[in-house]
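**Student:** Pasting protein.cif below, which is mmCIF, C-alpha atoms.
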data_final
loop_
_atom_site.label_atom_id
_atom_site.label_comp_id
_atom_site.auth_asym_id
_atom_site.auth_seq_id
_atom_site.Cartn_x
_atom_site.Cartn_y
_atom_site.Cartn_z
CA MET G 1 106.68 79.50 87.47
CA ILE G 2 108.07 83.01 87.33
CA ASN G 3 106.26 85.92 88.97
CA ILE G 4 106.72 89.68 88.73
CA ILE G 5 105.67 91.19 92.08
CA HIS G 6 105.48 94.84 93.12
CA ARG G 7 104.22 96.57 96.28
CA VAL G 8 102.89 100.12 96.18
CA GLY G 9 101.15 102.24 98.81
CA ILE G 10 98.48 104.72 97.77
CA LYS G 11 97.25 107.48 100.08
CA ALA G 12 93.55 106.89 99.45
CA PRO G 13 90.66 104.78 100.75
CA VAL G 14 90.68 101.21 99.49
CA ALA G 15 87.34 101.71 97.67
CA LYS G 16 88.91 104.38 95.48
CA VAL G 17 91.82 102.13 94.54
CA TYR G 18 89.45 99.24 93.89
CA ALA G 19 87.42 101.43 91.49
CA ALA G 20 90.61 102.22 89.55
CA LEU G 21 91.18 98.50 89.05
CA ALA G 22 87.68 97.05 88.78
CA THR G 23 86.22 99.41 86.17
CA VAL G 24 87.16 99.95 82.52
CA GLU G 25 87.17 103.73 83.08
CA GLY G 26 89.49 103.29 86.06
CA VAL G 27 92.03 101.17 84.19
CA ALA G 28 91.98 103.66 81.30
CA GLY G 29 93.21 106.26 83.80
CA TRP G 30 96.53 104.58 84.55
CA TRP G 31 97.37 101.68 82.19
CA THR G 32 96.16 102.46 78.68
CA LYS G 33 93.60 104.98 77.52
CA GLU G 34 92.39 102.39 75.01
CA THR G 35 90.75 100.06 77.53
CA THR G 36 87.37 98.61 76.52
CA GLY G 37 85.16 95.67 77.43
CA THR G 38 83.21 94.36 80.38
CA SER G 39 84.65 94.29 83.86
CA LYS G 40 82.64 91.49 85.43
CA VAL G 41 83.71 87.96 86.28
CA GLY G 42 83.80 85.98 83.04
CA GLY G 43 83.84 89.16 80.94
CA ASN G 44 86.67 90.21 78.67
CA ILE G 45 88.65 93.44 78.70
CA ASP G 46 90.74 94.63 75.75
CA PHE G 47 93.83 96.74 76.21
CA ARG G 48 95.31 98.48 73.17
CA PHE G 49 98.55 100.41 73.24
CA LEU G 50 99.08 103.23 70.77
CA SER G 51 102.12 105.28 69.93
CA GLN G 52 101.98 109.06 70.40
CA GLU G 53 101.10 109.19 66.68
CA GLY G 54 98.12 106.86 67.16
CA LYS G 55 99.63 103.69 65.66
CA GLU G 56 98.88 100.43 67.49
CA ILE G 57 102.07 99.01 69.01
CA GLY G 58 100.51 96.22 71.08
CA SER G 59 97.31 94.77 72.47
CA MET G 60 96.09 92.23 74.99
CA ARG G 61 92.81 90.62 75.96
CA ALA G 62 92.12 89.36 79.47
CA GLU G 63 89.26 87.49 81.06
CA VAL G 64 88.17 88.83 84.43
CA THR G 65 88.62 85.89 86.82
CA GLU G 66 88.04 87.56 90.18
CA LEU G 67 86.38 90.73 91.48
CA ASP G 68 86.26 90.78 95.26
CA PRO G 69 85.22 94.32 96.27
CA ASN G 70 87.99 96.28 98.00
CA LYS G 71 90.12 93.15 98.22
CA ASN G 72 91.11 91.59 94.96
CA VAL G 73 91.00 91.97 91.17
CA GLN G 74 92.32 89.23 88.95
CA TRP G 75 92.58 88.79 85.20
CA ARG G 76 93.79 85.90 83.02
CA VAL G 77 95.50 86.93 79.78
CA ILE G 78 93.90 85.15 76.82
CA ALA G 79 95.41 87.05 73.87
CA GLY G 80 98.46 89.23 73.30
CA PRO G 81 102.21 88.61 73.36
CA PRO G 82 102.85 84.82 73.37
CA GLU G 83 104.77 85.08 76.67
CA TRP G 84 101.70 86.66 78.30
CA ILE G 85 99.07 84.14 77.26
CA GLY G 86 97.94 82.08 80.24
CA THR G 87 99.57 84.42 82.77
CA ASP G 88 97.59 86.05 85.58
CA LEU G 89 97.40 89.70 86.59
CA VAL G 90 96.57 90.04 90.28
CA PHE G 91 95.88 93.11 92.38
CA ASN G 92 95.50 92.42 96.09
CA LEU G 93 94.38 95.31 98.31
CA THR G 94 94.69 95.97 102.03
CA GLN G 95 94.31 99.13 104.10
CA GLU G 96 97.25 100.07 106.37
CA GLY G 97 96.60 103.35 108.16
CA GLU G 98 96.28 106.14 105.60
CA TYR G 99 97.59 103.88 102.82
CA THR G 100 95.95 101.33 100.60
CA ILE G 101 98.63 98.74 99.88
CA VAL G 102 98.51 97.16 96.43
CA LEU G 103 100.29 93.85 96.06
CA PHE G 104 100.55 93.46 92.32
CA GLY G 105 101.53 90.23 90.62
CA HIS G 106 102.02 89.29 86.99
CA LYS G 107 102.14 85.60 87.69
CA ASN G 108 102.86 82.28 86.02
CA TRP G 109 105.31 83.26 83.31
CA ARG G 110 106.73 80.04 81.87
CA GLU G 111 110.28 81.40 81.99
CA ALA G 112 112.23 84.51 82.92
CA VAL G 113 113.33 86.09 79.65
CA GLU G 114 114.57 89.57 78.74
CA PHE G 115 110.99 90.56 77.94
CA THR G 116 110.03 89.62 81.53
CA ALA G 117 112.63 92.08 82.82
CA HIS G 118 111.24 94.75 80.48
CA CYS G 119 107.69 94.08 81.67
CA SER G 120 108.77 94.17 85.32
CA MET G 121 110.18 97.70 84.86
CA LYS G 122 107.18 98.75 82.80
CA TRP G 123 104.72 97.44 85.44
CA ALA G 124 106.57 99.43 88.09
CA THR G 125 106.02 102.62 86.08
CA PHE G 126 102.34 101.73 85.68
CA MET G 127 102.07 101.17 89.46
CA LEU G 128 103.46 104.70 89.90
CA SER G 129 100.85 105.82 87.36
CA LEU G 130 98.08 104.06 89.32
CA LYS G 131 99.29 105.78 92.51
CA GLU G 132 99.29 109.20 90.80
CA PHE G 133 95.92 108.57 89.18
CA VAL G 134 94.21 107.70 92.46
CA GLU G 135 95.98 110.35 94.54
CA THR G 136 95.79 113.25 92.09
CA GLY G 137 93.21 112.29 89.44
CA LYS G 138 95.87 112.20 86.70
CA GLY G 139 97.90 109.12 85.82
CA LYS G 140 100.24 108.33 82.93
CA PRO G 141 98.35 105.76 80.86
CA ALA G 142 99.64 104.83 77.38
CA PRO G 143 100.35 106.61 75.10
CA ASN G 144 101.62 108.99 77.82
CA ASP G 145 103.43 106.23 79.69
CA ILE G 146 107.02 106.52 80.89
CA LYS G 147 109.40 105.10 78.27
CA ILE G 148 112.06 102.94 79.83
CA ASP G 149 114.12 101.42 77.01
CA ASN G 150 114.36 100.83 73.24
CA TRP G 151 111.35 98.50 73.31
CA ASN G 152 108.94 101.02 74.83
CA MET Z 1 115.58 80.88 94.09
CA ILE Z 2 113.67 84.11 93.52
CA ASN Z 3 115.04 86.87 91.29
CA ILE Z 4 113.97 90.46 90.76
CA ILE Z 5 114.85 91.41 87.17
CA HIS Z 6 114.49 94.76 85.39
CA ARG Z 7 115.51 95.97 81.94
CA VAL Z 8 116.25 99.62 81.29
CA GLY Z 9 117.70 101.42 78.26
CA ILE Z 10 119.92 104.44 78.72
CA LYS Z 11 120.75 106.82 75.88
CA ALA Z 12 124.49 106.96 76.55
CA PRO Z 13 127.69 105.12 75.68
CA VAL Z 14 128.20 101.91 77.64
CA ALA Z 15 131.39 103.28 79.26
CA LYS Z 16 129.40 106.08 80.88
CA VAL Z 17 126.85 103.62 82.31
CA TYR Z 18 129.63 101.34 83.50
CA ALA Z 19 131.25 104.25 85.35
CA ALA Z 20 127.96 104.93 87.15
CA LEU Z 21 127.96 101.33 88.40
CA ALA Z 22 131.64 100.55 88.90
CA THR Z 23 132.68 103.58 90.95
CA VAL Z 24 131.61 104.70 94.41
CA GLU Z 25 131.02 108.23 93.12
CA GLY Z 26 128.84 106.84 90.33
CA VAL Z 27 126.62 104.77 92.62
CA ALA Z 28 126.24 107.79 94.94
CA GLY Z 29 124.66 109.59 92.00
CA TRP Z 30 121.66 107.31 91.67
CA TRP Z 31 121.25 104.84 94.57
CA THR Z 32 122.25 106.50 97.82
CA LYS Z 33 124.39 109.58 98.39
CA GLU Z 34 125.93 107.77 101.37
CA THR Z 35 127.97 105.26 99.36
CA THR Z 36 131.52 104.59 100.59
CA GLY Z 37 134.16 101.90 100.27
CA THR Z 38 136.34 100.34 97.62
CA SER Z 39 134.97 99.35 94.24
CA LYS Z 40 137.43 96.63 93.22
CA VAL Z 41 136.93 92.88 93.13
CA GLY Z 42 137.11 91.61 96.71
CA GLY Z 43 136.54 95.10 98.12
CA ASN Z 44 133.53 96.14 100.19
CA ILE Z 45 131.07 98.94 99.53
CA ASP Z 46 128.79 100.37 102.21
CA PHE Z 47 125.41 101.84 101.37
CA ARG Z 48 123.65 103.92 104.02
CA PHE Z 49 120.13 105.26 103.60
CA LEU Z 50 119.14 108.39 105.46
CA SER Z 51 115.80 110.09 105.91
CA GLN Z 52 115.35 113.66 104.68
CA GLU Z 53 116.14 114.67 108.28
CA GLY Z 54 119.45 112.80 108.23
CA LYS Z 55 118.42 109.80 110.38
CA GLU Z 56 119.71 106.40 109.24
CA ILE Z 57 116.81 104.21 108.09
CA GLY Z 58 118.82 101.35 106.63
CA SER Z 59 122.23 100.17 105.49
CA MET Z 60 123.87 97.38 103.54
CA ARG Z 61 127.38 96.15 102.84
CA ALA Z 62 128.30 94.32 99.66
CA GLU Z 63 131.44 92.62 98.44
CA VAL Z 64 132.36 93.40 94.85
CA THR Z 65 132.41 90.01 93.12
CA GLU Z 66 132.78 91.03 89.48
CA LEU Z 67 133.93 94.09 87.54
CA ASP Z 68 134.13 93.39 83.82
CA PRO Z 69 134.61 96.77 82.11
CA ASN Z 70 131.61 97.87 80.03
CA LYS Z 71 129.98 94.47 80.50
CA ASN Z 72 129.19 93.47 84.04
CA VAL Z 73 129.18 94.62 87.66
CA GLN Z 74 128.26 92.21 90.42
CA TRP Z 75 128.03 92.51 94.19
CA ARG Z 76 127.27 89.97 96.91
CA VAL Z 77 125.35 91.38 99.89
CA ILE Z 78 127.16 90.51 103.14
CA ALA Z 79 125.33 92.71 105.66
CA GLY Z 80 121.96 94.46 105.81
CA PRO Z 81 118.35 93.27 105.96
CA PRO Z 82 118.31 89.50 106.72
CA GLU Z 83 116.42 88.80 103.48
CA TRP Z 84 119.25 90.46 101.50
CA ILE Z 85 122.23 88.65 102.99
CA GLY Z 86 123.69 86.21 100.48
CA THR Z 87 121.78 87.71 97.56
CA ASP Z 88 123.52 89.02 94.45
CA LEU Z 89 123.14 92.37 92.71
CA VAL Z 90 123.97 92.08 89.02
CA PHE Z 91 124.21 94.74 86.32
CA ASN Z 92 124.76 93.36 82.83
CA LEU Z 93 125.45 95.88 80.06
CA THR Z 94 125.11 95.71 76.28
CA GLN Z 95 125.02 98.40 73.60
CA GLU Z 96 122.01 98.39 71.25
CA GLY Z 97 122.16 101.28 68.81
CA GLU Z 98 122.00 104.55 70.73
CA TYR Z 99 121.03 102.73 73.94
CA THR Z 100 123.01 100.97 76.60
CA ILE Z 101 120.76 98.21 77.87
CA VAL Z 102 121.05 97.40 81.57
CA LEU Z 103 119.80 94.00 82.64
CA PHE Z 104 119.55 94.34 86.38
CA GLY Z 105 119.04 91.43 88.72
CA HIS Z 106 118.65 91.18 92.47
CA LYS Z 107 119.12 87.44 92.54
CA ASN Z 108 118.89 84.47 94.86
CA TRP Z 109 116.28 85.60 97.36
CA ARG Z 110 115.36 82.55 99.44
CA GLU Z 111 111.64 83.27 99.11
CA ALA Z 112 109.24 85.79 97.59
CA VAL Z 113 107.87 87.83 100.49
CA GLU Z 114 106.08 91.18 100.69
CA PHE Z 115 109.45 92.86 101.21
CA THR Z 116 110.60 91.36 97.88
CA ALA Z 117 107.66 93.08 96.15
CA HIS Z 118 108.59 96.35 97.88
CA CYS Z 119 112.22 96.01 96.80
CA SER Z 120 111.20 95.18 93.21
CA MET Z 121 109.25 98.48 92.97
CA LYS Z 122 112.02 100.37 94.72
CA TRP Z 123 114.69 98.95 92.38
CA ALA Z 124 112.60 100.06 89.39
CA THR Z 125 112.61 103.62 90.70
CA PHE Z 126 116.40 103.41 91.22
CA MET Z 127 116.79 102.15 87.64
CA LEU Z 128 114.89 105.26 86.51
CA SER Z 129 117.24 107.26 88.73
CA LEU Z 130 120.28 105.59 87.11
CA LYS Z 131 118.88 106.42 83.67
CA GLU Z 132 118.33 110.07 84.64
CA PHE Z 133 121.72 110.32 86.30
CA VAL Z 134 123.60 109.07 83.23
CA GLU Z 135 121.46 110.93 80.69
CA THR Z 136 121.16 114.27 82.50
CA GLY Z 137 123.81 114.26 85.26
CA LYS Z 138 121.16 114.36 87.99
CA GLY Z 139 119.62 111.23 89.51
CA LYS Z 140 117.40 110.69 92.54
CA PRO Z 141 119.62 108.90 95.06
CA ALA Z 142 118.43 108.53 98.66
CA PRO Z 143 117.42 110.59 100.55
CA ASN Z 144 115.84 112.15 97.43
CA ASP Z 145 114.52 108.82 96.18
CA ILE Z 146 110.94 108.29 95.01
CA LYS Z 147 108.78 107.10 97.91
CA ILE Z 148 106.50 104.26 96.87
CA ASP Z 149 104.68 103.05 99.98
CA ASN Z 150 104.46 103.22 103.79
CA TRP Z 151 107.78 101.40 104.15
CA ASN Z 152 109.83 103.89 102.12
#
For the structure just supplied, provide its representation as structure tokens.
**Tutor:**
Amino acid sequence: MINIIHRVGIKAPVAKVYAALATVEGVAGWWTKETTGTSKVGGNIDFRFLSQEGKEIGSMRAEVTELDPNKNVQWRVIAGPPEWIGTDLVFNLTQEGEYTIVLFGHKNWREAVEFTAHCSMKWATFMLSLKEFVETGKGKPAPNDIKIDNWN
Amino acid sequence: MINIIHRVGIKAPVAKVYAALATVEGVAGWWTKETTGTSKVGGNIDFRFLSQEGKEIGSMRAEVTELDPNKNVQWRVIAGPPEWIGTDLVFNLTQEGEYTIVLFGHKNWREAVEFTAHCSMKWATFMLSLKEFVETGKGKPAPNDIKIDNWN
């Protein structure tokens, strides 16, 4: 299986980072403003991505598979791009001094395709957005996300 | 083997992107200012990373293994962090409309460790730096690189 993995350090208490990952309002602050649903184990969360003009350019649905306070958040993708279905989104948290370290994984891709490379870059920009959101209160969730190529 | 892969699109002719990858002066504009050596197949390039205060915090040496004008640049790491030795750095270029698409790979890691996740994030920020450098003339090479965690 193919995994995208990124490590980011956020200057904030682990509880604050956890809240940005384990609540719908938190995720809306760094990934996509259009985040709705129920963040509890077994619940579903919907993520919609709009263009600057308000047109939908993509969407995903994930089931929350793990919520371990201040330690771990995990989702299983159940709808969205075919390559994403059945993959896992994992956020593992540890405190190291003044940093909360996020080990992010988008795991269990069936193969490494060009879209995987696009998503790896895109996830890195969203990890920077998560860092900004927690540290400053203002992230870059879609539709204000950093554009990286001709796909988005 | 474990591969880091990123896709980035740069609004510039492919020859301009190739020059930023295939020349020492080009690489110094987006990866690390302290880039020296000989960018020809079989030649070695040295990359030194300094802190803002001018202290060396890391270095690598790579052998240039492929230079295919406007298509491909490839280096094999021969000195540096133990995890990097024997890995390959690959930049594959194609033109798509007004974009040059860079498919970047840091390939053939022996295992996926926490340092791999750090490097994946860090490479994404250097791909953004490459994009900025080619599009605007000003990148963010070390020591002005984006800091992502407590390791750098």
**Student:** So which one's closest to chain Z, G:Arg7, G:Lys40, G:Arg61, G:Lys138? Using all atoms listed in the file, please.
**Tutor:** G:Arg7
**Student:** Can you turn the PyMOL selection byres ((chain Z) within 7 of (chain G)) into a concrete residue list for this file, as a list in words?
**Tutor:**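 For this structure, the PyMOL selection byres ((chain Z) within 7 of (chain G)) resolves to Ile5, His6, Arg7, Val8, Gly9, Ile10, Tyr99, Ala117, His118, Ser120, Met121, Ala124, Ile148, Asp149 and Asn150 of chain Z.
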**Student:** Evaluate the PyMOL selection byres ((chain G and resi 75) around 8) on the structure here and hand back the selected residues as a VMD selection string.
**Tutor:** chain G and resid 62 to 66 73 to 74 76 to 77 88 to 90
**Student:** How many Å lie between atom CA of G:Gln95 and atom CA of G:Ala142, rounded to one decimal?
**Tutor:**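 These atoms are spaced 27.8 Å apart.
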**Student:** Hey, can you pull every residue with an atom no more than 9 Å from (90.7, 90.4, 94.6), using only C-alpha atoms, and send it as a PDB file with C-alpha atoms, in the frame of the given file?
**Tutor:**
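Output file part.pdb is given in full below:
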ATOM      1  CA  TYR G  18      89.450  99.240  93.890  1.00  0.00           C
ATOM      2  CA  GLU G  66      88.040  87.560  90.180  1.00  0.00           C
ATOM      3  CA  LEU G  67      86.380  90.730  91.480  1.00  0.00           C
ATOM      4  CA  ASP G  68      86.260  90.780  95.260  1.00  0.00           C
ATOM      5  CA  PRO G  69      85.220  94.320  96.270  1.00  0.00           C
ATOM      6  CA  ASN G  70      87.990  96.280  98.000  1.00  0.00           C
ATOM      7  CA  LYS G  71      90.120  93.150  98.220  1.00  0.00           C
ATOM      8  CA  ASN G  72      91.110  91.590  94.960  1.00  0.00           C
ATOM      9  CA  VAL G  73      91.000  91.970  91.170  1.00  0.00           C
ATOM     10  CA  GLN G  74      92.320  89.230  88.950  1.00  0.00           C
ATOM     11  CA  VAL G  90      96.570  90.040  90.280  1.00  0.00           C
ATOM     12  CA  PHE G  91      95.880  93.110  92.380  1.00  0.00           C
ATOM     13  CA  ASN G  92      95.500  92.420  96.090  1.00  0.00           C
ATOM     14  CA  LEU G  93      94.380  95.310  98.310  1.00  0.00           C
TER      15      LEU G  93
END
**Student:** Could you please determine the separation between atom CA of Z:Val134 and atom CA of Z:Arg48 in Å, to one decimal place?
**Tutor:**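 Atom CA of Z:Arg48 lies at a distance of 21.4 Å from atom CA of Z:Val134.
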